[in-house]
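Colleague: After the structure tokens below, expect a handful of questions from me.
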Amino acid sequence: MAKQTRAPKKKSNAEFPAEKFHKTSKPRILVCNDDGIDAEGIEFLAKAMAQIGEITVVAPNSPQSGMSHAMTLGKPLRITKWYKHKKFFGYAVSGTPVDCVKAAMAQILPEPPDLIVSGVNYGSNTAINILYSGTVAAALEGAIAGVPAIAFSLCTYANADFSYSAKFAKHLAQKVLKEGLPTGTLLTVNLPNLPEEKIKGVVVTKQGNSKWKEEMLERNDAYGQPYYWLRGELVLQDDSLDDDEYAVRHGYVSVTPLSFNLTNHSFIDTIRTWNLKKR
Ligand SMILES: [Mn+2]
């Protein structure tokens, strides 16, 4: 593997508001996403977090959905100040969601935040999507760094109403700041795209078995050469409110605790009986 080098951390950098960050007694919250810094969902999440803490937004400068835990090693990253509604909003990074968390920790924040939140994502991050998601990966990168982290997703791609997800995010963030999370643990939260009065409740779930039924469309470009475009539909594979996608499709907010160690413990004893030898 290529050796990773890290630029020396800047002790004082007028670009980044270290002074302001240091003087607050509020919890310090890093806000990221994978839909890009201009997405509607991150604006709702940032506003909700600003009610309970000192926020720093660091997000990709372009949409990065489906990037999972990708990081940029072969080209430089750029960090630029980003303005929304003529006001400073945060820092845009020319990379992936994981690059954003790494850049925030190495260059932008003077010390690790108390909480990392990611989202609010367009589309569910349940079941197998947990593996594909850049939104979850940003939170997971927080968990790797030992920072409590939560990924928020709104389960729709159309007519999104982020208002309840922002309200719930505030409530859960306060809870996590108070209670903490076990080392290496993050939460993925999926919300139905419903007004508050239609949401049936909150359930703690496990990662379900729902999978994509996919097809790769073939079309011809302007030169008659074929190109391909992946599309699909997430097919529900579970039938219990203990499962993430089932819960959210039935009107519940789904909260799933995750860890990033993928070892299949139940298979260790069996594979040891294979007596694999050095040959
Ligand atoms: Mn996304």
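Residue names in the structure tokens use chain letters A, B, ... in the order shown, residue numbers from 1 in each chain, and ligand numbers from 1 in the order shown.
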Env of Gly134 (chain A): 6 Å cut, atoms = only C-alpha atoms, seq-sep filter 5 positions within chain, self excluded. Answer as a PyMOL selection string.

Modeller: chain A and resi 34+65-68+97

Colleague: What would the file look like if the residues just selected were written as a PDB file, in the first residue's frame with N, CA and C atoms?

Modeller:
ATOM      1  N   ASP A  34     -22.994  13.158   1.999  1.00  0.00           N
ATOM      2  CA  ASP A  34     -22.446  12.666   0.729  1.00  0.00           C
ATOM      3  C   ASP A  34     -23.153  13.267  -0.485  1.00  0.00           C
ATOM      4  N   SER A  65     -22.731  10.379  -3.559  1.00  0.00           N
ATOM      5  CA  SER A  65     -23.502   9.217  -3.114  1.00  0.00           C
ATOM      6  C   SER A  65     -22.883   7.938  -3.682  1.00  0.00           C
ATOM      7  N   GLY A  66     -22.956   6.882  -2.907  1.00  0.00           N
ATOM      8  CA  GLY A  66     -22.446   5.583  -3.368  1.00  0.00           C
ATOM      9  C   GLY A  66     -20.940   5.458  -3.309  1.00  0.00           C
ATOM     10  N   MET A  67     -20.266   6.421  -2.697  1.00  0.00           N
ATOM     11  CA  MET A  67     -18.795   6.375  -2.642  1.00  0.00           C
ATOM     12  C   MET A  67     -18.283   5.521  -1.489  1.00  0.00           C
ATOM     13  N   SER A  68     -19.198   5.097  -0.612  1.00  0.00           N
ATOM     14  CA  SER A  68     -18.812   4.237   0.501  1.00  0.00           C
ATOM     15  C   SER A  68     -17.583   4.818   1.210  1.00  0.00           C
ATOM     16  N   PRO A  97     -16.844  11.793   1.061  1.00  0.00           N
ATOM     17  CA  PRO A  97     -17.264  12.055   2.448  1.00  0.00           C
ATOM     18  C   PRO A  97     -16.174  11.691   3.468  1.00  0.00           C
TER      19      PRO A  97
END

Colleague: Got a sec: who's within 8 Å of region 252-261 of chain A, counting only C-alpha atoms, leaving out chain neighbours fewer than 3 positions off, as a list in words?

Modeller: Leu140, Gly184, Thr185, Leu186, Leu187, Thr188, Val189, Asn190, Leu191, Pro192, Ile199, Lys200, Gly201, Val202, Val203, Val204, Thr205, Lys206, Gln207, Asp244, Glu245, Ala247, Val248 and Arg249 of chain A

Colleague: List the spatial neighbours of Glu196 (chain A) as a count of residues only - criterion: any atom at most 10 Å away, only C-alpha atoms, same-chain residues fewer than 5 positions off excluded.

Modeller: 6

Colleague: Write out as a list in words all residues of region 87-118 of chain A that DSSP puts in alpha helix (DSSP H) for this structure's backbone.

Modeller: Pro97, Val98, Asp99, Cys100, Val101, Lys102 and Ala103 of chain A

Colleague: Between A:Ile268, A:Leu154, A:Ile108, A:Ala46, which has the minimum distance to ligand 1 (counting only C-alpha atoms and all ligand atoms)?

Modeller: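 Closest candidate: A:Leu154.
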
Colleague: Report as JSON lines the residues of chain A within 8 Å of ligand 1, each with its shortest atom pair and distance in Å (one decimal), using only C-alpha atoms and all ligand atoms, ordered by chain and increasing residue number.

Modeller:
{"residue": "A:Asn33", "atom": "CA", "partner": "ligand 1", "partner_atom_place_in_ligand_line": "1 (Mn)", "distance": 7.3}
{"residue": "A:Asp34", "atom": "CA", "partner": "ligand 1", "partner_atom_place_in_ligand_line": "1 (Mn)", "distance": 4.9}
{"residue": "A:Asp35", "atom": "CA", "partner": "ligand 1", "partner_atom_place_in_ligand_line": "1 (Mn)", "distance": 4.4}
{"residue": "A:Pro63", "atom": "CA", "partner": "ligand 1", "partner_atom_place_in_ligand_line": "1 (Mn)", "distance": 7.2}
{"residue": "A:Gln64", "atom": "CA", "partner": "ligand 1", "partner_atom_place_in_ligand_line": "1 (Mn)", "distance": 6.6}
{"residue": "A:Ser65", "atom": "CA", "partner": "ligand 1", "partner_atom_place_in_ligand_line": "1 (Mn)", "distance": 4.0}
{"residue": "A:Gly66", "atom": "CA", "partner": "ligand 1", "partner_atom_place_in_ligand_line": "1 (Mn)", "distance": 6.8}
{"residue": "A:Gly119", "atom": "CA", "partner": "ligand 1", "partner_atom_place_in_ligand_line": "1 (Mn)", "distance": 7.8}
{"residue": "A:Asn121", "atom": "CA", "partner": "ligand 1", "partner_atom_place_in_ligand_line": "1 (Mn)", "distance": 5.0}
{"residue": "A:Tyr122", "atom": "CA", "partner": "ligand 1", "partner_atom_place_in_ligand_line": "1 (Mn)", "distance": 5.3}
{"residue": "A:Gly123", "atom": "CA", "partner": "ligand 1", "partner_atom_place_in_ligand_line": "1 (Mn)", "distance": 6.7}
{"residue": "A:Ser133", "atom": "CA", "partner": "ligand 1", "partner_atom_place_in_ligand_line": "1 (Mn)", "distance": 6.9}
{"residue": "A:Gly134", "atom": "CA", "partner": "ligand 1", "partner_atom_place_in_ligand_line": "1 (Mn)", "distance": 6.6}
{"residue": "A:Thr135", "atom": "CA", "partner": "ligand 1", "partner_atom_place_in_ligand_line": "1 (Mn)", "distance": 6.2}

Colleague: Can you tell me how far CA of Gly95 (chain A) sits from CA of Val31 (chain A), in Å to one decimal?

Modeller: 15.4 Å

Colleague: For Val101 (chain A), which residue out of A:Ala149, A:Gly74, A:Asn193, A:Ser124 is the nearest one, using only C-alpha atoms?

Modeller: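 Of A:Ala149, A:Gly74, A:Asn193, A:Ser124, the one nearest Val101 (chain A), counting only C-alpha atoms, is A:Ala149.
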
Colleague: So, with only C-alpha atoms as the atoms that count, which of A:Thr56, A:Gln174, A:Thr126, A:Asn264 lies closest to Pro113 (chain A)?

Modeller: A:Thr56

Colleague: I want to know what sits within 10 Å of Ala145 (chain A), based on only C-alpha atoms, with residues of the same chain fewer than 2 positions away left out; could you give that as number ranges by chain?

Modeller: A: 101-102, 105, 112, 139-143, 147-149, 183-184

Colleague: Please save N, CA and C atoms of the selected residues as a PDB file, in the first residue's frame.

Modeller:
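Done, and the output landed in result-v9.pdb:
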ATOM      1  N   VAL A 101     -14.151  14.094   6.433  1.00  0.00           N
ATOM      2  CA  VAL A 101     -13.929  13.869   7.868  1.00  0.00           C
ATOM      3  C   VAL A 101     -12.433  13.918   8.169  1.00  0.00           C
ATOM      4  N   LYS A 102     -11.638  13.301   7.306  1.00  0.00           N
ATOM      5  CA  LYS A 102     -10.185  13.318   7.517  1.00  0.00           C
ATOM      6  C   LYS A 102      -9.641  14.752   7.431  1.00  0.00           C
ATOM      7  N   MET A 105     -10.597  16.756  10.544  1.00  0.00           N
ATOM      8  CA  MET A 105      -9.822  16.395  11.738  1.00  0.00           C
ATOM      9  C   MET A 105      -8.356  16.834  11.610  1.00  0.00           C
ATOM     10  N   PRO A 112     -10.455  17.152  17.989  1.00  0.00           N
ATOM     11  CA  PRO A 112     -11.574  16.344  17.518  1.00  0.00           C
ATOM     12  C   PRO A 112     -12.912  16.867  18.046  1.00  0.00           C
ATOM     13  N   ALA A 139     -19.849   8.927   8.894  1.00  0.00           N
ATOM     14  CA  ALA A 139     -20.070   8.654  10.321  1.00  0.00           C
ATOM     15  C   ALA A 139     -19.137   7.542  10.795  1.00  0.00           C
ATOM     16  N   LEU A 140     -18.972   6.544   9.955  1.00  0.00           N
ATOM     17  CA  LEU A 140     -18.095   5.422  10.303  1.00  0.00           C
ATOM     18  C   LEU A 140     -16.648   5.899  10.501  1.00  0.00           C
ATOM     19  N   GLU A 141     -16.227   6.843   9.664  1.00  0.00           N
ATOM     20  CA  GLU A 141     -14.878   7.398   9.816  1.00  0.00           C
ATOM     21  C   GLU A 141     -14.746   8.086  11.178  1.00  0.00           C
ATOM     22  N   GLY A 142     -15.842   8.691  11.629  1.00  0.00           N
ATOM     23  CA  GLY A 142     -15.853   9.265  12.973  1.00  0.00           C
ATOM     24  C   GLY A 142     -15.676   8.195  14.026  1.00  0.00           C
ATOM     25  N   ALA A 143     -16.426   7.091  13.867  1.00  0.00           N
ATOM     26  CA  ALA A 143     -16.323   5.994  14.832  1.00  0.00           C
ATOM     27  C   ALA A 143     -14.900   5.427  14.859  1.00  0.00           C
ATOM     28  N   VAL A 147     -14.844   9.133  17.658  1.00  0.00           N
ATOM     29  CA  VAL A 147     -15.827  10.201  17.888  1.00  0.00           C
ATOM     30  C   VAL A 147     -17.231   9.623  17.689  1.00  0.00           C
ATOM     31  N   PRO A 148     -18.145   9.860  18.623  1.00  0.00           N
ATOM     32  CA  PRO A 148     -19.527   9.394  18.420  1.00  0.00           C
ATOM     33  C   PRO A 148     -20.087   9.986  17.119  1.00  0.00           C
ATOM     34  N   ALA A 149     -20.825   9.171  16.380  1.00  0.00           N
ATOM     35  CA  ALA A 149     -21.245   9.624  15.053  1.00  0.00           C
ATOM     36  C   ALA A 149     -22.612   9.054  14.693  1.00  0.00           C
ATOM     37  N   THR A 183     -17.155   2.453  22.088  1.00  0.00           N
ATOM     38  CA  THR A 183     -16.050   2.635  21.138  1.00  0.00           C
ATOM     39  C   THR A 183     -16.337   1.877  19.848  1.00  0.00           C
ATOM     40  N   GLY A 184     -16.092   2.524  18.727  1.00  0.00           N
ATOM     41  CA  GLY A 184     -16.270   1.865  17.430  1.00  0.00           C
ATOM     42  C   GLY A 184     -17.714   1.718  16.998  1.00  0.00           C
TER      43      GLY A 184
END

Colleague: Take CA of Phe152 (chain A) and CA of Met71 (chain A) and report the distance between them in Å, one decimal.

Modeller: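 Answer for the CA of Phe152 (chain A) to CA of Met71 (chain A) separation: 20.8 Å.
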